[in-house]
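Okay, model.cif now, which holds mmCIF, N, CA and C atoms:
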data_start
#
loop_
_atom_site.label_atom_id
_atom_site.label_comp_id
_atom_site.auth_asym_id
_atom_site.auth_seq_id
_atom_site.Cartn_x
_atom_site.Cartn_y
_atom_site.Cartn_z
N MET W 1 -0.82 -96.47 55.09
CA MET W 1 -1.37 -95.67 54.10
C MET W 1 -1.39 -94.21 54.52
N THR W 2 -1.51 -94.05 55.73
CA THR W 2 -1.50 -92.68 56.21
C THR W 2 -0.15 -92.05 55.95
N GLU W 3 0.83 -92.89 56.05
CA GLU W 3 2.14 -92.32 55.81
C GLU W 3 2.28 -91.97 54.33
N ILE W 4 1.76 -92.77 53.46
CA ILE W 4 1.81 -92.52 52.03
C ILE W 4 0.94 -91.31 51.72
N THR W 5 -0.17 -91.26 52.33
CA THR W 5 -1.06 -90.12 52.11
C THR W 5 -0.40 -88.86 52.60
N GLY W 6 0.26 -88.97 53.73
CA GLY W 6 0.96 -87.79 54.28
C GLY W 6 2.07 -87.36 53.34
N ARG W 7 2.79 -88.34 52.80
CA ARG W 7 3.87 -88.00 51.88
C ARG W 7 3.32 -87.41 50.58
N LEU W 8 2.27 -88.01 50.08
CA LEU W 8 1.65 -87.48 48.86
C LEU W 8 1.13 -86.06 49.09
N ALA W 9 0.58 -85.87 50.26
CA ALA W 9 0.09 -84.54 50.59
C ALA W 9 1.24 -83.57 50.68
N ALA W 10 2.40 -84.01 51.26
CA ALA W 10 3.57 -83.16 51.38
C ALA W 10 4.14 -82.86 50.00
N ILE W 11 4.16 -83.88 49.12
CA ILE W 11 4.66 -83.67 47.76
C ILE W 11 3.72 -82.70 47.03
N ALA W 12 2.42 -82.90 47.18
CA ALA W 12 1.45 -82.02 46.53
C ALA W 12 1.60 -80.61 47.07
N ALA W 13 1.82 -80.49 48.40
CA ALA W 13 2.00 -79.17 48.99
C ALA W 13 3.30 -78.56 48.49
N GLY W 14 4.36 -79.36 48.32
CA GLY W 14 5.63 -78.86 47.78
C GLY W 14 5.47 -78.38 46.35
N ILE W 15 4.77 -79.22 45.54
CA ILE W 15 4.55 -78.84 44.14
C ILE W 15 3.71 -77.55 44.09
N ALA W 16 2.69 -77.47 44.94
CA ALA W 16 1.85 -76.29 44.99
C ALA W 16 2.67 -75.08 45.43
N ALA W 17 3.59 -75.30 46.40
CA ALA W 17 4.44 -74.20 46.88
C ALA W 17 5.37 -73.74 45.78
N ILE W 18 5.95 -74.72 45.02
CA ILE W 18 6.85 -74.37 43.92
C ILE W 18 6.06 -73.62 42.83
N ALA W 19 4.86 -74.12 42.52
CA ALA W 19 4.02 -73.47 41.52
C ALA W 19 3.65 -72.07 41.99
N PHE W 20 3.29 -71.96 43.27
CA PHE W 20 2.94 -70.66 43.82
C PHE W 20 4.15 -69.71 43.79
N ALA W 21 5.34 -70.23 44.10
CA ALA W 21 6.56 -69.43 44.07
C ALA W 21 6.86 -68.99 42.64
N ALA W 22 6.73 -69.92 41.68
CA ALA W 22 6.98 -69.58 40.28
C ALA W 22 5.97 -68.53 39.81
N LEU W 23 4.73 -68.71 40.19
CA LEU W 23 3.70 -67.74 39.85
C LEU W 23 3.98 -66.40 40.49
N SER W 24 4.45 -66.40 41.71
CA SER W 24 4.79 -65.16 42.41
C SER W 24 5.95 -64.45 41.72
N VAL W 25 6.99 -65.21 41.32
CA VAL W 25 8.14 -64.61 40.64
C VAL W 25 7.67 -64.03 39.29
N TRP W 26 6.88 -64.81 38.56
CA TRP W 26 6.38 -64.33 37.27
C TRP W 26 5.53 -63.07 37.46
N SER W 27 4.66 -63.04 38.47
CA SER W 27 3.82 -61.88 38.76
C SER W 27 4.68 -60.68 39.15
N TYR W 28 5.75 -60.94 39.93
CA TYR W 28 6.66 -59.85 40.34
C TYR W 28 7.35 -59.25 39.12
N VAL W 29 7.84 -60.10 38.22
CA VAL W 29 8.52 -59.63 37.02
C VAL W 29 7.54 -58.84 36.14
N GLU W 30 6.35 -59.35 35.96
CA GLU W 30 5.34 -58.65 35.15
C GLU W 30 4.95 -57.32 35.79
N LEU W 31 4.77 -57.32 37.11
CA LEU W 31 4.42 -56.09 37.81
C LEU W 31 5.52 -55.05 37.67
N ARG W 32 6.76 -55.49 37.78
CA ARG W 32 7.91 -54.58 37.63
C ARG W 32 7.96 -54.01 36.20
N ALA W 33 7.71 -54.86 35.21
CA ALA W 33 7.70 -54.40 33.82
C ALA W 33 6.56 -53.40 33.60
N LEU W 34 5.40 -53.69 34.21
CA LEU W 34 4.27 -52.78 34.08
C LEU W 34 4.57 -51.44 34.76
N ARG W 35 5.25 -51.46 35.91
CA ARG W 35 5.62 -50.20 36.58
C ARG W 35 6.58 -49.38 35.72
N THR W 36 7.55 -50.07 35.12
CA THR W 36 8.51 -49.37 34.25
C THR W 36 7.77 -48.76 33.05
N GLU W 37 6.90 -49.56 32.47
CA GLU W 37 6.12 -49.07 31.33
C GLU W 37 5.23 -47.90 31.74
N HIS W 38 4.63 -47.99 32.92
CA HIS W 38 3.78 -46.91 33.43
C HIS W 38 4.60 -45.63 33.65
N THR W 39 5.80 -45.78 34.20
CA THR W 39 6.68 -44.63 34.42
C THR W 39 7.06 -43.98 33.09
N ASP W 40 7.40 -44.82 32.10
CA ASP W 40 7.73 -44.28 30.78
C ASP W 40 6.53 -43.57 30.16
N THR W 41 5.36 -44.15 30.31
CA THR W 41 4.14 -43.55 29.77
C THR W 41 3.87 -42.21 30.45
N GLU W 42 4.06 -42.13 31.76
CA GLU W 42 3.86 -40.86 32.47
C GLU W 42 4.85 -39.80 32.00
N ARG W 43 6.11 -40.22 31.77
CA ARG W 43 7.11 -39.27 31.26
C ARG W 43 6.71 -38.76 29.86
N GLN W 44 6.28 -39.69 29.02
CA GLN W 44 5.86 -39.29 27.67
C GLN W 44 4.65 -38.35 27.73
N LEU W 45 3.73 -38.66 28.63
CA LEU W 45 2.55 -37.80 28.79
C LEU W 45 2.96 -36.41 29.27
N ALA W 46 3.87 -36.36 30.22
CA ALA W 46 4.35 -35.06 30.72
C ALA W 46 5.04 -34.29 29.60
N THR W 47 5.86 -34.99 28.81
CA THR W 47 6.55 -34.34 27.69
C THR W 47 5.54 -33.83 26.67
N LYS W 48 4.55 -34.65 26.35
CA LYS W 48 3.53 -34.24 25.38
C LYS W 48 2.69 -33.08 25.93
N THR W 49 2.40 -33.11 27.21
CA THR W 49 1.64 -32.02 27.82
C THR W 49 2.43 -30.72 27.74
N GLU W 50 3.72 -30.82 28.04
CA GLU W 50 4.59 -29.64 27.95
C GLU W 50 4.67 -29.16 26.50
N SER W 51 4.81 -30.10 25.59
CA SER W 51 4.87 -29.76 24.16
C SER W 51 3.56 -29.10 23.71
N ASN W 52 2.44 -29.63 24.18
CA ASN W 52 1.14 -29.04 23.86
C ASN W 52 1.04 -27.62 24.40
N GLY W 53 1.59 -27.40 25.60
CA GLY W 53 1.59 -26.05 26.18
C GLY W 53 2.39 -25.09 25.32
N VAL W 54 3.55 -25.56 24.85
CA VAL W 54 4.39 -24.73 23.97
C VAL W 54 3.64 -24.44 22.67
N LEU W 55 3.02 -25.47 22.11
CA LEU W 55 2.28 -25.28 20.87
C LEU W 55 1.10 -24.33 21.05
N LYS W 56 0.40 -24.44 22.19
CA LYS W 56 -0.70 -23.52 22.45
C LYS W 56 -0.20 -22.10 22.58
N SER W 57 0.94 -21.94 23.23
CA SER W 57 1.54 -20.60 23.35
C SER W 57 1.92 -20.05 21.98
N GLN W 58 2.53 -20.89 21.16
CA GLN W 58 2.89 -20.46 19.81
C GLN W 58 1.65 -20.12 18.99
N LEU W 59 0.61 -20.91 19.17
CA LEU W 59 -0.64 -20.64 18.45
C LEU W 59 -1.23 -19.30 18.88
N ALA W 60 -1.21 -19.04 20.18
CA ALA W 60 -1.72 -17.76 20.66
C ALA W 60 -0.90 -16.60 20.11
N THR W 61 0.42 -16.77 20.07
CA THR W 61 1.29 -15.73 19.51
C THR W 61 0.99 -15.55 18.03
N SER W 62 0.83 -16.65 17.31
CA SER W 62 0.53 -16.57 15.88
C SER W 62 -0.81 -15.88 15.64
N GLN W 63 -1.79 -16.19 16.48
CA GLN W 63 -3.10 -15.55 16.33
C GLN W 63 -3.00 -14.06 16.60
N ALA W 64 -2.21 -13.68 17.60
CA ALA W 64 -2.01 -12.25 17.90
C ALA W 64 -1.30 -11.57 16.73
N ASP W 65 -0.27 -12.24 16.20
CA ASP W 65 0.44 -11.68 15.04
C ASP W 65 -0.50 -11.53 13.85
N LEU W 66 -1.34 -12.54 13.64
CA LEU W 66 -2.30 -12.49 12.54
C LEU W 66 -3.27 -11.33 12.72
N ALA W 67 -3.72 -11.12 13.95
CA ALA W 67 -4.64 -10.00 14.21
C ALA W 67 -3.96 -8.67 13.92
N VAL W 68 -2.68 -8.55 14.32
CA VAL W 68 -1.93 -7.32 14.05
C VAL W 68 -1.78 -7.12 12.54
N MET W 69 -1.42 -8.21 11.83
CA MET W 69 -1.25 -8.10 10.38
C MET W 69 -2.57 -7.79 9.68
N THR W 70 -3.65 -8.36 10.15
CA THR W 70 -4.96 -8.08 9.57
C THR W 70 -5.32 -6.62 9.77
N ASP W 71 -5.04 -6.10 10.96
CA ASP W 71 -5.29 -4.69 11.24
C ASP W 71 -4.44 -3.80 10.34
N ALA W 72 -3.15 -4.17 10.21
CA ALA W 72 -2.25 -3.39 9.36
C ALA W 72 -2.70 -3.45 7.90
N ALA W 73 -3.16 -4.61 7.46
CA ALA W 73 -3.64 -4.74 6.09
C ALA W 73 -4.88 -3.87 5.87
N GLY W 74 -5.75 -3.83 6.86
CA GLY W 74 -6.93 -2.97 6.76
C GLY W 74 -6.54 -1.51 6.67
N LYS W 75 -5.58 -1.10 7.52
CA LYS W 75 -5.11 0.29 7.48
C LYS W 75 -4.43 0.58 6.16
N SER W 76 -3.62 -0.37 5.69
CA SER W 76 -2.93 -0.19 4.42
C SER W 76 -3.94 -0.07 3.29
N SER W 77 -4.96 -0.89 3.32
CA SER W 77 -6.00 -0.84 2.30
C SER W 77 -6.69 0.52 2.32
N ALA W 78 -6.98 1.02 3.53
CA ALA W 78 -7.60 2.33 3.64
C ALA W 78 -6.67 3.41 3.10
N SER W 79 -5.37 3.28 3.38
CA SER W 79 -4.40 4.25 2.86
C SER W 79 -4.35 4.20 1.33
N VAL W 80 -4.41 2.99 0.78
CA VAL W 80 -4.39 2.85 -0.69
C VAL W 80 -5.62 3.50 -1.29
N VAL W 81 -6.76 3.30 -0.67
CA VAL W 81 -8.01 3.90 -1.17
C VAL W 81 -7.90 5.42 -1.09
N LEU W 82 -7.38 5.93 0.04
CA LEU W 82 -7.21 7.38 0.19
C LEU W 82 -6.24 7.91 -0.85
N PHE W 83 -5.11 7.20 -1.03
CA PHE W 83 -4.11 7.63 -2.01
C PHE W 83 -4.71 7.63 -3.42
N ALA W 84 -5.50 6.60 -3.72
CA ALA W 84 -6.13 6.51 -5.05
C ALA W 84 -7.08 7.68 -5.26
N SER W 85 -7.84 8.04 -4.22
CA SER W 85 -8.75 9.17 -4.38
C SER W 85 -7.98 10.48 -4.52
N GLN W 86 -6.85 10.60 -3.81
CA GLN W 86 -6.01 11.79 -3.95
C GLN W 86 -5.40 11.85 -5.35
N VAL W 87 -4.95 10.72 -5.85
CA VAL W 87 -4.39 10.67 -7.21
C VAL W 87 -5.46 11.06 -8.22
N SER W 88 -6.66 10.55 -8.01
CA SER W 88 -7.76 10.88 -8.92
C SER W 88 -8.05 12.38 -8.88
N ALA W 89 -8.06 12.96 -7.69
CA ALA W 89 -8.29 14.41 -7.56
C ALA W 89 -7.15 15.19 -8.21
N ALA W 90 -5.92 14.72 -8.02
CA ALA W 90 -4.76 15.40 -8.63
C ALA W 90 -4.83 15.30 -10.15
N GLN W 91 -5.24 14.16 -10.67
CA GLN W 91 -5.37 14.00 -12.12
C GLN W 91 -6.46 14.93 -12.66
N ALA W 92 -7.56 15.04 -11.93
CA ALA W 92 -8.64 15.93 -12.36
C ALA W 92 -8.15 17.38 -12.36
N ALA W 93 -7.40 17.77 -11.30
CA ALA W 93 -6.86 19.13 -11.24
C ALA W 93 -5.87 19.37 -12.37
N ALA W 94 -5.06 18.36 -12.69
CA ALA W 94 -4.09 18.49 -13.78
C ALA W 94 -4.82 18.65 -15.12
N ARG W 95 -5.89 17.88 -15.33
CA ARG W 95 -6.66 18.01 -16.56
C ARG W 95 -7.27 19.40 -16.68
N GLU W 96 -7.78 19.89 -15.56
CA GLU W 96 -8.39 21.22 -15.55
C GLU W 96 -7.33 22.30 -15.82
N ALA W 97 -6.15 22.16 -15.20
CA ALA W 97 -5.06 23.12 -15.43
C ALA W 97 -4.60 23.07 -16.88
N LYS W 98 -4.53 21.87 -17.43
CA LYS W 98 -4.12 21.73 -18.83
C LYS W 98 -5.14 22.39 -19.75
N ALA W 99 -6.41 22.20 -19.47
CA ALA W 99 -7.47 22.81 -20.30
C ALA W 99 -7.38 24.33 -20.22
N ARG W 100 -7.15 24.86 -18.99
CA ARG W 100 -6.99 26.30 -18.84
C ARG W 100 -5.77 26.80 -19.59
N ALA W 101 -4.66 26.05 -19.52
CA ALA W 101 -3.43 26.45 -20.21
C ALA W 101 -3.64 26.46 -21.72
N VAL W 102 -4.36 25.45 -22.22
CA VAL W 102 -4.64 25.40 -23.66
C VAL W 102 -5.50 26.61 -24.05
N GLN W 103 -6.49 26.91 -23.20
CA GLN W 103 -7.36 28.05 -23.46
C GLN W 103 -6.57 29.36 -23.46
N GLN W 104 -5.72 29.54 -22.44
CA GLN W 104 -4.90 30.75 -22.37
C GLN W 104 -3.94 30.83 -23.55
N SER W 105 -3.35 29.70 -23.88
CA SER W 105 -2.41 29.66 -25.00
C SER W 105 -3.12 30.06 -26.29
N ALA W 106 -4.33 29.60 -26.49
CA ALA W 106 -5.11 29.96 -27.68
C ALA W 106 -5.39 31.46 -27.67
N GLY W 107 -5.74 31.99 -26.48
CA GLY W 107 -5.98 33.43 -26.37
C GLY W 107 -4.73 34.23 -26.68
N TYR W 108 -3.58 33.80 -26.15
CA TYR W 108 -2.32 34.49 -26.42
C TYR W 108 -1.96 34.41 -27.90
N GLN W 109 -2.18 33.24 -28.48
CA GLN W 109 -1.87 33.08 -29.90
C GLN W 109 -2.75 34.00 -30.74
N LYS W 110 -4.01 34.15 -30.33
CA LYS W 110 -4.92 35.03 -31.04
C LYS W 110 -4.43 36.48 -30.96
N GLN W 111 -3.99 36.88 -29.75
CA GLN W 111 -3.48 38.24 -29.58
C GLN W 111 -2.21 38.45 -30.40
N ILE W 112 -1.34 37.44 -30.41
CA ILE W 112 -0.10 37.54 -31.20
C ILE W 112 -0.43 37.67 -32.68
N ASP W 113 -1.42 36.87 -33.12
CA ASP W 113 -1.82 36.94 -34.53
C ASP W 113 -2.37 38.32 -34.89
N VAL W 114 -3.18 38.89 -33.99
CA VAL W 114 -3.75 40.22 -34.22
C VAL W 114 -2.63 41.25 -34.30
N LEU W 115 -1.68 41.18 -33.36
CA LEU W 115 -0.57 42.13 -33.37
C LEU W 115 0.31 41.95 -34.61
N THR W 116 0.54 40.71 -34.99
CA THR W 116 1.35 40.45 -36.18
C THR W 116 0.66 41.02 -37.41
N GLU W 117 -0.64 40.84 -37.49
CA GLU W 117 -1.40 41.38 -38.62
C GLU W 117 -1.33 42.90 -38.63
N ARG W 118 -1.44 43.51 -37.46
CA ARG W 118 -1.36 44.98 -37.39
C ARG W 118 0.00 45.49 -37.85
N ILE W 119 1.04 44.76 -37.42
CA ILE W 119 2.40 45.18 -37.78
C ILE W 119 2.62 45.02 -39.28
N ASP W 120 2.16 43.88 -39.79
CA ASP W 120 2.41 43.56 -41.21
C ASP W 120 1.48 44.31 -42.17
N HIS W 121 0.36 44.86 -41.71
CA HIS W 121 -0.62 45.50 -42.58
C HIS W 121 -0.03 46.81 -43.10
N PRO W 122 -0.12 47.05 -44.40
CA PRO W 122 0.51 48.24 -44.99
C PRO W 122 -0.20 49.55 -44.64
N SER W 123 -1.45 49.51 -44.26
CA SER W 123 -2.17 50.75 -43.97
C SER W 123 -1.81 51.32 -42.60
N ASN W 124 -1.20 50.53 -41.75
CA ASN W 124 -0.85 50.98 -40.40
C ASN W 124 0.41 51.83 -40.43
N GLN W 125 0.46 52.68 -39.49
CA GLN W 125 1.67 53.48 -39.30
C GLN W 125 2.77 52.56 -38.78
N PRO W 126 3.96 52.72 -39.24
CA PRO W 126 5.02 51.86 -38.74
C PRO W 126 5.28 52.13 -37.26
N GLU W 127 5.43 51.09 -36.51
CA GLU W 127 5.71 51.20 -35.09
C GLU W 127 7.11 50.70 -34.83
N THR W 128 7.66 51.14 -33.77
CA THR W 128 8.97 50.63 -33.42
C THR W 128 8.80 49.26 -32.79
N CYS W 129 9.84 48.53 -32.87
CA CYS W 129 9.83 47.17 -32.30
C CYS W 129 9.59 47.24 -30.79
N ASP W 130 10.15 48.21 -30.14
CA ASP W 130 9.99 48.34 -28.69
C ASP W 130 8.54 48.60 -28.32
N ALA W 131 7.87 49.42 -29.08
CA ALA W 131 6.47 49.73 -28.79
C ALA W 131 5.60 48.48 -28.94
N VAL W 132 5.88 47.71 -30.00
CA VAL W 132 5.12 46.48 -30.22
C VAL W 132 5.36 45.51 -29.08
N LEU W 133 6.60 45.34 -28.65
CA LEU W 133 6.92 44.42 -27.55
C LEU W 133 6.29 44.90 -26.24
N ASP W 134 6.29 46.22 -26.01
CA ASP W 134 5.67 46.75 -24.80
C ASP W 134 4.18 46.45 -24.79
N ARG W 135 3.53 46.63 -25.92
CA ARG W 135 2.10 46.35 -26.01
C ARG W 135 1.84 44.86 -25.85
N LEU W 136 2.70 44.03 -26.41
CA LEU W 136 2.55 42.57 -26.27
C LEU W 136 2.71 42.16 -24.82
N ARG W 137 3.68 42.75 -24.15
CA ARG W 137 3.89 42.42 -22.72
C ARG W 137 2.70 42.85 -21.88
N SER W 138 2.15 43.97 -22.18
CA SER W 138 1.03 44.46 -21.38
C SER W 138 -0.21 43.58 -21.57
N THR W 139 -0.36 42.99 -22.73
CA THR W 139 -1.52 42.12 -22.94
C THR W 139 -1.32 40.76 -22.29
N LEU W 140 -0.09 40.36 -22.16
CA LEU W 140 0.16 39.05 -21.55
C LEU W 140 0.09 39.20 -20.05
#

Using structure tokens, write down the structure that the file contains.
Amino acid sequence: MTEITGRLAAIAAGIAAIAFAALSVWSYVELRALRTEHTDTERQLATKTESNGVLKSQLATSQADLAVMTDAAGKSSASVVLFASQVSAAQAAAREAKARAVQQSAGYQKQIDVLTERIDHPSNQPETCDAVLDRLRSTL
């Protein structure tokens, strides 16, 4: 019986060794697959980290550009306000000049009417055309 027990023990040890070997091979294959997957994950992480760095750089550039554009828009807005006030002042000056011109024109027309009446009035001494023009020029 000892011999049978010894053989059974040897068979059990062989089966256990085969099972242990199969388990070891399976563990080795799984570990290798996990290492490959880990390496791929590290590469992807490095790529994403690099991509994030590029995106952060682009974001910083965009923010700087936005700040420059905002500043330019503020300056442009101030220029528009200044230009509008200058236009308003120019329009006011033009209105004032037009009013003065209308006033002067009315005054000149009045003087012309007075001179025309003097020339056309029968009680006046006849004047030469040159004298009338000289007097008209002097009043203007």

Practice task
Show which residues sit within 10 Å of segment 104-110 of chain W, as a ChimeraX atom specification. Count only C-alpha atoms, and ignore same-chain residues fewer than 4 positions away.
Solution key: /W:98-100,114-116,136,139-140

Completion exercise
In Å and to one decimal, atom C of Thr70 of chain W is distant from atom CA of Ala90 of chain W by 28.7 Å

Once 8 Å is added on each side, what centre and edge lengths in Å to one decimal does the axis-aligned box around all listed atoms of segment 76-80 of chain W have, as JSON?
{"center_x": -5.3, "center_y": 1.7, "center_z": 2.2, "size_x": 20.7, "size_y": 21.1, "size_z": 23.0}

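Note that the spacing between atom N of Ala22 of chain W and atom C of Ala10 of chain W amounts to 15.6 Å.
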